[in-house]
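Source file: data.txt; contents: compact mmCIF, C-alpha atoms.
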# COMPACT_ATOMS: atom_id res chain seq x y z
CA MET E 1 0.00 0.00 0.00
CA GLY E 2 1.45 3.39 -0.97
CA ILE E 3 1.93 6.22 1.50
CA MET E 4 -0.93 8.23 0.00
CA ASN E 5 -3.25 5.21 0.14
CA GLU E 6 -2.26 4.56 3.76
CA ARG E 7 -3.07 8.16 4.69
CA MET E 8 -6.45 7.87 3.01
CA TYR E 9 -7.05 4.57 4.80
CA LEU E 10 -6.07 6.18 8.12
CA ASN E 11 -8.56 8.98 7.51
CA ASP E 12 -11.26 6.47 6.60
CA LEU E 13 -10.54 4.44 9.75
CA LYS E 14 -10.60 7.59 11.86
CA SER E 15 -14.00 8.55 10.42
CA GLU E 16 -15.38 5.06 10.94
CA ILE E 17 -14.08 5.04 14.53
CA GLU E 18 -15.88 8.31 15.24
CA VAL E 19 -19.15 7.04 13.76
CA LYS E 20 -18.95 3.80 15.77
CA ARG E 21 -18.05 5.72 18.95
CA GLN E 22 -21.08 7.97 18.57
CA GLU E 23 -23.35 4.99 17.89
CA LEU E 24 -21.96 3.14 20.91
CA ASN E 25 -22.64 6.17 23.08
CA ARG E 26 -26.24 6.27 21.83
CA LEU E 27 -26.67 2.58 22.59
CA ILE E 28 -25.31 2.98 26.11
CA ILE E 29 -27.46 6.04 26.84
CA GLY E 30 -30.54 4.26 25.49
CA SER E 31 -29.84 1.09 27.50
CA ILE E 32 -30.25 -1.07 24.41
CA ASP E 33 -29.49 -4.79 24.36
CA LYS E 34 -26.17 -5.46 26.08
CA ASN E 35 -25.16 -7.93 23.35
CA LYS E 36 -25.54 -5.20 20.75
CA ILE E 37 -23.42 -2.85 22.89
CA LEU E 38 -20.74 -5.53 23.23
CA LYS E 39 -20.74 -6.15 19.46
CA PHE E 40 -20.32 -2.45 18.71
CA SER E 41 -17.61 -2.14 21.34
CA MET E 42 -15.68 -5.04 19.81
CA GLU E 43 -16.01 -3.55 16.32
CA LEU E 44 -14.71 -0.24 17.64
CA ASP E 45 -11.77 -1.97 19.34
CA LYS E 46 -10.87 -3.66 16.05
CA LEU E 47 -10.93 -0.36 14.15
CA ILE E 48 -8.81 1.36 16.79
CA TYR E 49 -6.31 -1.51 16.68
CA GLN E 50 -6.05 -1.26 12.88
CA TYR E 51 -5.63 2.52 13.09
CA CYS E 52 -2.90 2.33 15.73
CA ASN E 53 -0.94 -0.34 13.84
CA LEU E 54 -1.04 1.61 10.61
CA GLU E 55 -0.08 4.82 12.41
CA LYS E 56 2.93 3.08 14.00
CA LYS E 57 3.96 1.69 10.62
CA ASN E 58 3.84 5.17 9.08
CA LYS E 59 5.89 6.68 11.91
CA LYS E 60 8.57 3.99 11.58
CA ARG E 61 8.75 4.57 7.83
CA ALA E 62 9.11 8.33 8.37
CA GLU E 63 12.06 7.76 10.72
CA CYS E 64 14.05 5.93 8.03
This entry written out as structure tokens:
Amino acid sequence: MGIMNERMYLNDLKSEIEVKRQELNRLIIGSIDKNKILKFSMELDKLIYQYCNLEKKNKKRAEC
């Protein structure tokens, strides 16, 4: 994946993280099904993990 594509992917992940975070907050406030909250939380964790790994990779590349 090229540097420009990685930056676009990082921005997409960041946007998706924000959308999921807002939805999770709505679910928690509304006291919706706990299984649904758990599912959203796990999806958010996965997105954050992907974002952090890609961010680290970009920082290492920039140091070279």
* **Separation of atom CA of E:Lys39 from atom CA of E:Asp12, in Å and rounded to one decimal** => 20.4 Å
* Asked: Skipping near chain neighbours, those fewer than 5 positions away, what residues fall within 12 Å of E:Gln22 using only C-alpha atoms, listed as a ChimeraX atom specification?
  -> /E:15-17,27-29,37,40-41,44
* **Length of the atom CA of E:Leu13 to atom CA of E:Lys34 vector [Å]** => 24.7 Å
* To do: Find the residues around E:Lys14 up to 9 Å (only C-alpha atoms counted), leave out those fewer than 3 positions away in its own chain, and share them as number ranges by chain.
  => E: 9-11, 17-19, 47-48, 51
Given the selection you just returned, output its residues as a file containing C-alpha atoms, formatted as a compact mmCIF listing (two decimals), keeping the file's coordinate frame.
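Writing done, so here's again32.txt:
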# COMPACT_ATOMS: atom_id res chain seq x y z
CA TYR E 9 -7.05 4.57 4.80
CA LEU E 10 -6.07 6.18 8.12
CA ASN E 11 -8.56 8.98 7.51
CA ILE E 17 -14.08 5.04 14.53
CA GLU E 18 -15.88 8.31 15.24
CA VAL E 19 -19.15 7.04 13.76
CA LEU E 47 -10.93 -0.36 14.15
CA ILE E 48 -8.81 1.36 16.79
CA TYR E 51 -5.63 2.52 13.09
* For atom CA of E:Glu43 and atom CA of E:Lys20, quote the distance in Å rounded to one decimal. =>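 Atom-to-atom, atom CA of E:Glu43 and atom CA of E:Lys20 are spaced 7.9 Å apart.
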Test item: axis-aligned box, all listed atoms of stretch 5-9 of chain E, 3 Å on each side, centre and edges in Å rounded to one decimal, as AutoDock Vina command-line options:
--center_x -4.7 --center_y 6.4 --center_z 2.5 --size_x 10.8 --size_y 9.6 --size_z 10.7
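Counting all atoms listed in the file and comparing E:Asn58, E:Asn53, E:Asn25, E:Asn35, the residue that lies closest to E:Asn5 is E:Asn58.
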